[in-house]
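So this one's target08.pdb, PDB, C-alpha atoms:
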ATOM      1  CA  MET D  14     -10.766 -34.852 -49.169
ATOM      2  CA  GLY D  15     -11.822 -36.755 -46.066
ATOM      3  CA  LEU D  16      -8.317 -36.483 -44.670
ATOM      4  CA  ALA D  17      -8.289 -32.715 -45.170
ATOM      5  CA  LYS D  18     -11.610 -32.416 -43.357
ATOM      6  CA  THR D  19     -10.322 -34.520 -40.495
ATOM      7  CA  ARG D  20      -7.196 -32.355 -40.230
ATOM      8  CA  THR D  21      -9.293 -29.190 -40.202
ATOM      9  CA  LYS D  22     -11.503 -30.579 -37.483
ATOM     10  CA  ALA D  23      -8.478 -31.662 -35.452
ATOM     11  CA  THR D  24      -7.018 -28.172 -35.741
ATOM     12  CA  GLN D  25     -10.303 -26.609 -34.661
ATOM     13  CA  TYR D  26     -10.524 -29.047 -31.767
ATOM     14  CA  GLY D  27      -6.985 -28.183 -30.682
ATOM     15  CA  GLN D  28      -7.727 -24.470 -30.805
ATOM     16  CA  ALA D  29     -10.894 -24.952 -28.781
ATOM     17  CA  MET D  30      -8.994 -26.971 -26.180
ATOM     18  CA  ASN D  31      -6.302 -24.290 -25.918
ATOM     19  CA  ALA D  32      -8.957 -21.615 -25.407
ATOM     20  CA  LEU D  33     -10.660 -23.759 -22.776
ATOM     21  CA  GLN D  34      -7.395 -24.353 -20.932
ATOM     22  CA  GLY D  35      -6.736 -20.617 -20.931
ATOM     23  CA  THR D  36     -10.186 -19.936 -19.522
ATOM     24  CA  ILE D  37      -9.734 -22.560 -16.791
ATOM     25  CA  ALA D  38      -6.338 -21.113 -15.833
ATOM     26  CA  GLU D  39      -7.795 -17.608 -15.637
ATOM     27  CA  LEU D  40     -10.707 -18.798 -13.511
ATOM     28  CA  GLY D  41      -8.299 -20.569 -11.156
ATOM     29  CA  ARG D  42      -6.224 -17.414 -10.828
ATOM     30  CA  ARG D  43      -9.298 -15.303 -10.077
ATOM     31  CA  CYS D  44     -10.492 -17.860  -7.535
ATOM     32  CA  GLN D  45      -7.152 -17.706  -5.718
ATOM     33  CA  GLN D  46      -7.302 -13.921  -5.731
ATOM     34  CA  ASP D  47     -10.846 -14.001  -4.348
ATOM     35  CA  GLN D  48      -9.753 -16.332  -1.558
ATOM     36  CA  ALA D  49      -6.787 -14.137  -0.694
ATOM     37  CA  GLY D  50      -9.072 -11.112  -0.669
ATOM     38  CA  LYS D  51     -11.066 -12.639   2.178
ATOM     39  CA  ALA D  52      -8.253 -12.025   4.653
ATOM     40  CA  PRO D  53      -9.393 -10.153   7.767
ATOM     41  CA  THR D  54      -7.565  -6.952   6.921
ATOM     42  CA  GLU D  55      -7.904  -6.731   3.206
ATOM     43  CA  GLY D  56      -5.311  -4.484   1.690
ATOM     44  CA  MET D  57      -3.935  -3.609  -1.657
ATOM     45  CA  ALA D  58      -2.622  -7.050  -2.511
ATOM     46  CA  GLU D  59      -0.644  -7.354  -5.704
ATOM     47  CA  PHE D  60      -0.758 -10.690  -7.467
ATOM     48  CA  ILE D  61       1.928 -11.654  -9.934
ATOM     49  CA  ASP D  62       3.277 -14.751 -11.654
ATOM     50  CA  VAL D  63       6.905 -15.514 -10.825
ATOM     51  CA  ASP D  64       9.642 -18.018 -11.580
ATOM     52  CA  PRO D  65      10.052 -19.626  -8.134
ATOM     53  CA  GLY D  66      13.712 -20.398  -8.776
ATOM     54  CA  GLU D  67      14.459 -16.677  -9.031
ATOM     55  CA  LEU D  68      13.095 -15.838  -5.585
ATOM     56  CA  HIS D  69      15.417 -15.062  -2.703
ATOM     57  CA  LEU D  70      15.165 -17.103   0.475
ATOM     58  CA  PRO D  71      14.291 -15.592   3.855
ATOM     59  CA  PRO D  72      17.206 -14.955   6.236
ATOM     60  CA  THR D  73      16.120 -17.764   8.525
ATOM     61  CA  ARG D  74      16.113 -20.325   5.673
ATOM     62  CA  PRO D  75      19.428 -19.823   3.889
ATOM     63  CA  GLN D  76      19.762 -23.536   3.262
ATOM     64  CA  GLY D  77      16.430 -23.715   1.433
ATOM     65  CA  ALA D  78      13.430 -25.921   2.096
ATOM     66  CA  ASP D  79      13.313 -28.431   4.918
ATOM     67  CA  PRO D  80      14.142 -31.754   3.179
ATOM     68  CA  GLY D  81      11.546 -33.756   5.089
ATOM     69  CA  LYS D  82       8.752 -31.296   4.408
ATOM     70  CA  LEU D  83       9.777 -31.098   0.750
ATOM     71  CA  ALA D  84       9.693 -34.890   0.450
ATOM     72  CA  ARG D  85       6.211 -34.975   1.988
ATOM     73  CA  GLN D  86       4.927 -32.306  -0.386
ATOM     74  CA  ILE D  87       6.419 -34.094  -3.388
ATOM     75  CA  ALA D  88       4.869 -37.374  -2.247
ATOM     76  CA  LYS D  89       1.499 -35.671  -1.888
ATOM     77  CA  HIS D  90       1.422 -33.345  -4.898
ATOM     78  CA  GLY D  91       4.105 -34.658  -7.279
ATOM     79  CA  ASN D  92       4.889 -32.012  -9.867
ATOM     80  CA  SER D  93       1.358 -30.639  -9.941
ATOM     81  CA  LEU D  94       0.923 -26.928  -9.366
ATOM     82  CA  ASP D  95      -2.875 -27.060  -9.554
ATOM     83  CA  GLY D  96      -4.515 -25.342  -6.628
ATOM     84  CA  MET D  97      -1.217 -24.358  -5.062
ATOM     85  CA  PRO D  98      -1.791 -21.327  -2.807
ATOM     86  CA  PRO D  99       0.040 -18.181  -3.924
ATOM     87  CA  LEU D 100       3.494 -17.658  -2.452
ATOM     88  CA  GLN D 101       3.760 -14.568  -0.263
ATOM     89  CA  LEU D 102       6.638 -12.252  -1.048
ATOM     90  CA  VAL D 103       8.139  -8.902  -0.233
ATOM     91  CA  ARG D 104       9.670  -6.764  -2.944
ATOM     92  CA  GLY D 105      12.979  -5.293  -1.910
ATOM     93  CA  LYS D 106      15.592  -3.034  -3.444
ATOM     94  CA  ASP D 107      15.710  -2.987  -7.254
ATOM     95  CA  GLY D 108      12.566  -5.101  -7.436
ATOM     96  CA  HIS D 109      14.134  -8.301  -6.165
ATOM     97  CA  LEU D 110      11.672 -10.608  -4.419
ATOM     98  CA  ARG D 111      12.051 -12.491  -1.129
ATOM     99  CA  ILE D 112       9.812 -15.301   0.085
ATOM    100  CA  ASN D 113       7.886 -14.739   3.317
ATOM    101  CA  ASP D 114       5.745 -17.847   2.965
ATOM    102  CA  GLY D 115       6.062 -20.798   0.606
ATOM    103  CA  VAL D 116       9.729 -21.822   0.606
ATOM    104  CA  THR D 117       8.805 -25.499   0.279
ATOM    105  CA  ARG D 118       6.236 -24.840  -2.454
ATOM    106  CA  ALA D 119       8.665 -22.666  -4.392
ATOM    107  CA  THR D 120      11.395 -25.289  -4.063
ATOM    108  CA  ARG D 121       9.115 -28.084  -5.254
ATOM    109  CA  ALA D 122       7.993 -26.024  -8.246
ATOM    110  CA  ALA D 123      11.533 -24.940  -9.138
ATOM    111  CA  LYS D 124      12.841 -28.495  -8.832
ATOM    112  CA  LEU D 125      10.086 -30.371 -10.633
ATOM    113  CA  ARG D 126       8.735 -27.689 -13.001
ATOM    114  CA  PRO D 127      11.755 -25.481 -13.756
ATOM    115  CA  GLY D 128      10.888 -22.276 -15.538
ATOM    116  CA  VAL D 129       7.142 -22.581 -14.936
ATOM    117  CA  LEU D 130       5.633 -19.452 -13.412
ATOM    118  CA  VAL D 131       3.588 -19.736 -10.228
ATOM    119  CA  PRO D 132       1.148 -17.274  -8.643
ATOM    120  CA  ALA D 133       2.382 -15.065  -5.826
ATOM    121  CA  GLU D 134       1.162 -12.185  -3.664
ATOM    122  CA  VAL D 135       3.454  -9.240  -2.998
ATOM    123  CA  ILE D 136       2.523  -8.304   0.552
ATOM    124  CA  GLN D 137       4.845  -5.333   0.968
ATOM    125  CA  ASN D 138       7.243  -3.128  -0.943
ATOM    126  CA  LEU D 139      10.453  -2.384   0.961
ATOM    127  CA  PRO D 140      12.573  -0.478  -1.544
ATOM    128  CA  ARG D 141      15.524  -0.075   0.846
ATOM    129  CA  LEU D 142      15.730  -3.735   1.820
ATOM    130  CA  ASP D 143      18.534  -5.618   0.080
ATOM    131  CA  VAL D 144      17.158  -9.132  -0.318
ATOM    132  CA  THR D 145      19.960 -10.255  -2.637
ATOM    133  CA  ARG D 146      22.218 -11.096   0.319
ATOM    134  CA  MET D 147      20.326 -14.346   0.562
ATOM    135  CA  PRO D 148      20.649 -17.080  -2.090
ATOM    136  CA  LYS D 149      17.945 -17.777  -4.624
ATOM    137  CA  VAL D 150      15.787 -20.893  -4.480
ATOM    138  CA  LYS D 151      17.436 -22.280  -7.613
ATOM    139  CA  GLU D 152      20.876 -21.968  -5.996
ATOM    140  CA  VAL D 153      20.076 -24.337  -3.156
ATOM    141  CA  LEU D 154      17.896 -26.914  -4.889
ATOM    142  CA  PRO D 155      18.337 -30.405  -3.426
TER     143      PRO D 155
ATOM    144  CA  MET E  24       7.196   1.784  29.905
ATOM    145  CA  LYS E  25       8.917  -1.312  28.650
ATOM    146  CA  CYS E  26       5.849  -3.342  29.540
ATOM    147  CA  GLN E  27       3.625  -1.004  27.528
ATOM    148  CA  GLN E  28       5.887  -1.292  24.525
ATOM    149  CA  ARG E  29       5.861  -5.069  24.824
ATOM    150  CA  ALA E  30       2.065  -5.038  25.038
ATOM    151  CA  ASP E  31       1.874  -2.872  21.919
ATOM    152  CA  LEU E  32       4.197  -5.233  20.107
ATOM    153  CA  LEU E  33       2.171  -8.277  21.073
ATOM    154  CA  ALA E  34      -0.990  -6.494  19.932
ATOM    155  CA  VAL E  35       0.379  -5.826  16.455
ATOM    156  CA  ILE E  36       1.741  -9.377  16.290
ATOM    157  CA  ALA E  37      -1.797 -10.555  17.048
ATOM    158  CA  GLN E  38      -3.114  -8.409  14.201
ATOM    159  CA  LEU E  39      -0.545  -9.931  11.872
ATOM    160  CA  CYS E  40      -1.589 -13.400  13.037
ATOM    161  CA  GLN E  41      -5.106 -12.557  11.873
ATOM    162  CA  ARG E  42      -3.833 -11.325   8.526
ATOM    163  CA  TYR E  43      -1.569 -14.350   8.007
ATOM    164  CA  PRO E  44      -3.311 -17.238   9.793
ATOM    165  CA  ASP E  45      -1.286 -19.886   7.967
ATOM    166  CA  TRP E  46       2.087 -18.590   9.132
ATOM    167  CA  ARG E  47       3.738 -20.177  12.129
ATOM    168  CA  LEU E  48       4.307 -17.697  14.960
ATOM    169  CA  GLY E  49       8.070 -18.098  14.704
ATOM    170  CA  GLN E  50       7.876 -17.602  10.951
ATOM    171  CA  LEU E  51       5.800 -14.469  11.462
ATOM    172  CA  VAL E  52       8.216 -12.909  13.954
ATOM    173  CA  ALA E  53      11.167 -13.863  11.752
ATOM    174  CA  ASN E  54       9.475 -12.193   8.788
ATOM    175  CA  VAL E  55       8.824  -9.019  10.800
ATOM    176  CA  ALA E  56      12.504  -8.971  11.785
ATOM    177  CA  GLY E  57      13.286  -9.363   8.092
ATOM    178  CA  TRP E  58      11.090  -6.376   7.208
ATOM    179  CA  ALA E  59      13.131  -4.409   9.767
ATOM    180  CA  ASP E  60      16.286  -5.684   8.046
ATOM    181  CA  GLN E  61      17.544  -7.150  11.320
ATOM    182  CA  GLU E  62      18.582 -10.584  12.491
ATOM    183  CA  ILE E  63      15.917 -12.148  14.661
ATOM    184  CA  TRP E  64      18.289 -12.557  17.598
ATOM    185  CA  ASP E  65      19.377  -8.923  17.493
ATOM    186  CA  VAL E  66      16.224  -7.084  16.566
ATOM    187  CA  GLU E  67      14.976  -4.624  19.198
ATOM    188  CA  ASP E  68      11.350  -4.556  20.241
ATOM    189  CA  GLU E  69      10.873  -1.046  18.890
ATOM    190  CA  GLN E  70      12.261  -2.105  15.521
ATOM    191  CA  LEU E  71       9.809  -4.998  15.383
ATOM    192  CA  LEU E  72       6.992  -2.681  16.433
ATOM    193  CA  GLU E  73       7.834  -0.114  13.776
ATOM    194  CA  ALA E  74       8.166  -2.723  11.023
ATOM    195  CA  ALA E  75       4.908  -4.426  11.984
ATOM    196  CA  ARG E  76       3.027  -1.137  12.164
ATOM    197  CA  LEU E  77       4.389  -0.033   8.815
ATOM    198  CA  HIS E  78       3.307  -3.319   7.281
ATOM    199  CA  LEU E  79      -0.199  -3.079   8.698
ATOM    200  CA  ALA E  80      -0.471   0.546   7.600
ATOM    201  CA  GLN E  81       0.433  -0.437   4.046
ATOM    202  CA  LEU E  82      -2.042  -3.300   4.100
ATOM    203  CA  THR E  83      -5.000  -1.419   5.445
ATOM    204  CA  PRO E  84      -6.558   1.023   3.026
ATOM    205  CA  PRO E  85      -7.155   4.502   4.388
ATOM    206  CA  ALA E  86     -10.479   4.964   6.143
ATOM    207  CA  PRO E  87     -13.105   6.411   3.817
ATOM    208  CA  VAL E  88     -14.048  10.023   4.357
ATOM    209  CA  SER E  89     -17.436  10.193   6.006
ATOM    210  CA  SER E  90     -20.152  11.501   3.739
ATOM    211  CA  GLY E  91     -22.844  11.490   6.361
ATOM    212  CA  ARG E  92     -24.364   8.336   4.913
ATOM    213  CA  SER E  93     -24.304   4.914   6.361
ATOM    214  CA  ASN E  94     -24.446   1.548   4.641
ATOM    215  CA  GLY E  95     -25.804  -0.002   7.818
TER     216      GLY E  95
END

Can you present the structure in this file as structure tokens?
Amino acid sequence: MGLAKTRTKATQYGQAMNALQGTIAELGRRCQQDQAGKAPTEGMAEFIDVDPGELHLPPTRPQGADPGKLARQIAKHGNSLDGMPPLQLVRGKDGHLRINDGVTRATRAAKLRPGVLVPAEVIQNLPRLDVTRMPKVKEVLP
Amino acid sequence: MKCQQRADLLAVIAQLCQRYPDWRLGQLVANVAGWADQEIWDVEDEQLLEAARLHLAQLTPPAPVSSGRSNG
């Protein structure tokens, strides 16, 4: 009887913790959106969650993140994604996404937390731009 | 004429610097060249200007129609 009660309480505790974690994650997301909304020329920013490994690299970074900068970010943040500023992306032809800012962050996330979604801001839609000519982050991971 | 175009380009680059204060200047210009779908070495000033203006136009919501009232 006592064991059953303990199990019930443990289940309730687990559910409460899950709900709390969800609330904290949502608050963090809203906070990031609020901060991004304070840019001088506020526009119609679109915030999404993306798999960083699936993002295409910018034309000037075909080799991926700078190894030294990546090492420094890993030394500083490890595999934590808490508080990471949203990546800034453009959406090209067929909805494919290209990084405009955050190559190192995306690489760190894809390398150390594969498959985990990270927040990103789509800063422009360019439906005629073929971004798939450049490799994806996951294709050039160190 | 060329000087005026260059001045216009630098003005929109300055506006983009305000919008994206964390970007390096080289990164910003490279991104604008990317929006124009051109290599940074080859991109013409007018292509950069057009891409930057288009970006800013998409960012900035249209000015509200005046209703004769002021919030000030």

Can you check which residues of chain E have any atom within 9 Å of chain D? Use only C-alpha atoms and format it as a short mmCIF file (atom, residue, chain, number, x, y, z; two decimals) with C-alpha atoms, keeping the file's coordinate frame.
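result.cif, written as the output of this step:
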data_model
loop_
_atom_site.label_atom_id
_atom_site.label_comp_id
_atom_site.auth_asym_id
_atom_site.auth_seq_id
_atom_site.Cartn_x
_atom_site.Cartn_y
_atom_site.Cartn_z
CA GLN E 38 -3.11 -8.41 14.20
CA GLN E 41 -5.11 -12.56 11.87
CA ARG E 42 -3.83 -11.32 8.53
CA TYR E 43 -1.57 -14.35 8.01
CA PRO E 44 -3.31 -17.24 9.79
CA ASP E 45 -1.29 -19.89 7.97
CA TRP E 46 2.09 -18.59 9.13
CA GLN E 50 7.88 -17.60 10.95
CA LEU E 51 5.80 -14.47 11.46
CA ALA E 53 11.17 -13.86 11.75
CA ASN E 54 9.48 -12.19 8.79
CA GLY E 57 13.29 -9.36 8.09
CA TRP E 58 11.09 -6.38 7.21
CA ALA E 59 13.13 -4.41 9.77
CA ASP E 60 16.29 -5.68 8.05
CA GLU E 62 18.58 -10.58 12.49
CA ILE E 63 15.92 -12.15 14.66
CA HIS E 78 3.31 -3.32 7.28
CA LEU E 79 -0.20 -3.08 8.70
CA GLN E 81 0.43 -0.44 4.05
CA LEU E 82 -2.04 -3.30 4.10
CA THR E 83 -5.00 -1.42 5.44
CA PRO E 84 -6.56 1.02 3.03
#

As AutoDock Vina command-line options, please report the centre and edge lengths, rounded to one decimal in Å, of the axis-aligned box that holds all listed atoms of range 52-64 of chain E with 4 Å of padding on each of the six sides.
--center_x 13.4 --center_y -9.1 --center_z 12.4 --size_x 18.4 --size_y 17.5 --size_z 18.4

Practice task
Kindly give the distance, in Å, that separates CA of Leu77 in chain E and CA of Leu130 in chain D, rounded to a single decimal.
Solution key: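 Distance between the two atoms: 29.5 Å.
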
Handout entry: Neighbour list for range 87-95 of chain D as a list in words, cut-off 8 Å, all atoms listed in the file, skip fewer than 4 positions in-chain
Key =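 Counting only the stated atoms, we get Leu83, Arg121, Ala122, Leu125, Arg126 and Val131 of chain D.
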
Exercise for the section: Would you list the residues near (21.4, -28.5, -7.8) (no more than 12 Å away, in the coordinates of the file, using only C-alpha atoms) as a list in words? Expected result: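 Returned residue set, sorted by chain then number, is Gly66, Gly77, Thr120, Ala123, Lys124, Leu125, Pro127, Lys149, Val150, Lys151, Glu152, Val153, Leu154 and Pro155 of chain D.
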
Problem - Selection under test: the PyMOL selection byres ((chain E and resi 36) around 9); residues as number ranges by chain - result: E: 31-35, 37-41, 48, 51-52, 55, 72, 75

Practice task
Rounded to one decimal place, report the CA of Asp79 in chain D-CA of Pro99 in chain D distance in Å.
Solution key: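 Distance reported for this atom pair: 19.0 Å.
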
Exercise for the section: Could you jot down the CA of Lys106 in chain D to CA of Gln28 in chain E separation for me, Å, one decimal place? Expected result: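 Computed distance, CA of Lys106 in chain D to CA of Gln28 in chain E, equals 29.7 Å.
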
Handout entry: Residue nearest Pro132 in chain D - candidates D:Gly108, D:Pro98, D:Pro75, D:Pro148, atoms counted: only C-alpha atoms
Key =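 Among the listed residues, the smallest separation from Pro132 in chain D belongs to D:Pro98.
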
Write a file for chain E, containing C-alpha atoms (output as an mmCIF file, in the first residue's frame).
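Output file out38.cif is given in full below:
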data_model
loop_
_atom_site.group_PDB
_atom_site.id
_atom_site.type_symbol
_atom_site.label_atom_id
_atom_site.label_comp_id
_atom_site.auth_asym_id
_atom_site.auth_seq_id
_atom_site.Cartn_x
_atom_site.Cartn_y
_atom_site.Cartn_z
ATOM 1 C CA MET E 24 26.474 59.528 -60.606
ATOM 2 C CA LYS E 25 28.625 56.655 -59.489
ATOM 3 C CA CYS E 26 29.437 58.540 -56.309
ATOM 4 C CA GLN E 27 25.740 59.034 -55.567
ATOM 5 C CA GLN E 28 25.059 55.358 -56.054
ATOM 6 C CA ARG E 29 27.940 54.484 -53.752
ATOM 7 C CA ALA E 30 26.600 56.899 -51.139
ATOM 8 C CA ASP E 31 23.156 55.309 -51.388
ATOM 9 C CA LEU E 32 24.681 51.879 -50.988
ATOM 10 C CA LEU E 33 26.664 52.905 -47.934
ATOM 11 C CA ALA E 34 23.516 54.443 -46.450
ATOM 12 C CA VAL E 35 21.534 51.221 -46.755
ATOM 13 C CA ILE E 36 24.509 49.245 -45.438
ATOM 14 C CA ALA E 37 24.453 51.559 -42.417
ATOM 15 C CA GLN E 38 20.754 50.833 -41.939
ATOM 16 C CA LEU E 39 21.469 47.118 -42.078
ATOM 17 C CA CYS E 40 24.245 47.587 -39.518
ATOM 18 C CA GLN E 41 21.626 49.041 -37.182
ATOM 19 C CA ARG E 42 19.276 46.140 -37.814
ATOM 20 C CA TYR E 43 22.010 43.520 -37.359
ATOM 21 C CA PRO E 44 24.464 45.039 -34.862
ATOM 22 C CA ASP E 45 26.076 41.690 -34.065
ATOM 23 C CA TRP E 46 27.103 40.952 -37.644
ATOM 24 C CA ARG E 47 30.615 41.757 -38.760
ATOM 25 C CA LEU E 48 30.694 44.277 -41.611
ATOM 26 C CA GLY E 49 32.263 41.741 -43.956
ATOM 27 C CA GLN E 50 29.649 39.185 -42.954
ATOM 28 C CA LEU E 51 26.904 41.720 -43.608
ATOM 29 C CA VAL E 52 28.150 42.621 -47.089
ATOM 30 C CA ALA E 53 28.676 38.942 -47.898
ATOM 31 C CA ASN E 54 25.108 38.210 -46.816
ATOM 32 C CA VAL E 55 23.748 41.041 -48.980
ATOM 33 C CA ALA E 56 25.684 39.618 -51.937
ATOM 34 C CA GLY E 57 24.115 36.268 -51.089
ATOM 35 C CA TRP E 58 20.619 37.784 -51.130
ATOM 36 C CA ALA E 59 21.468 39.077 -54.620
ATOM 37 C CA ASP E 60 22.582 35.544 -55.523
ATOM 38 C CA GLN E 61 26.019 36.825 -56.522
ATOM 39 C CA GLU E 62 29.564 36.078 -55.467
ATOM 40 C CA ILE E 63 30.939 38.822 -53.267
ATOM 41 C CA TRP E 64 33.843 39.503 -55.618
ATOM 42 C CA ASP E 65 31.582 39.852 -58.645
ATOM 43 C CA VAL E 66 28.521 41.563 -57.268
ATOM 44 C CA GLU E 67 27.810 45.002 -58.753
ATOM 45 C CA ASP E 68 26.990 47.950 -56.544
ATOM 46 C CA GLU E 69 23.498 48.252 -57.989
ATOM 47 C CA GLN E 70 22.827 44.590 -57.255
ATOM 48 C CA LEU E 71 23.897 45.083 -53.647
ATOM 49 C CA LEU E 72 21.771 48.221 -53.430
ATOM 50 C CA GLU E 73 18.699 46.485 -54.811
ATOM 51 C CA ALA E 74 19.100 43.454 -52.544
ATOM 52 C CA ALA E 75 19.646 45.599 -49.455
ATOM 53 C CA ARG E 76 16.671 47.817 -50.244
ATOM 54 C CA LEU E 77 14.446 44.823 -50.857
ATOM 55 C CA HIS E 78 15.506 43.343 -47.539
ATOM 56 C CA LEU E 79 14.826 46.550 -45.640
ATOM 57 C CA ALA E 80 11.477 46.956 -47.383
ATOM 58 C CA GLN E 81 10.459 43.464 -46.294
ATOM 59 C CA LEU E 82 11.610 44.124 -42.749
ATOM 60 C CA THR E 83 9.916 47.437 -42.251
ATOM 61 C CA PRO E 84 6.160 47.263 -41.921
ATOM 62 C CA PRO E 85 4.224 49.664 -44.111
ATOM 63 C CA ALA E 86 3.650 53.083 -42.588
ATOM 64 C CA PRO E 87 0.258 53.317 -40.901
ATOM 65 C CA VAL E 88 -2.384 55.344 -42.672
ATOM 66 C CA SER E 89 -2.833 58.636 -40.886
ATOM 67 C CA SER E 90 -6.124 58.926 -39.067
ATOM 68 C CA GLY E 91 -5.614 62.483 -37.967
ATOM 69 C CA ARG E 92 -4.765 61.366 -34.447
ATOM 70 C CA SER E 93 -1.439 61.408 -32.790
ATOM 71 C CA ASN E 94 -0.072 59.208 -30.033
ATOM 72 C CA GLY E 95 2.375 61.939 -29.087
#
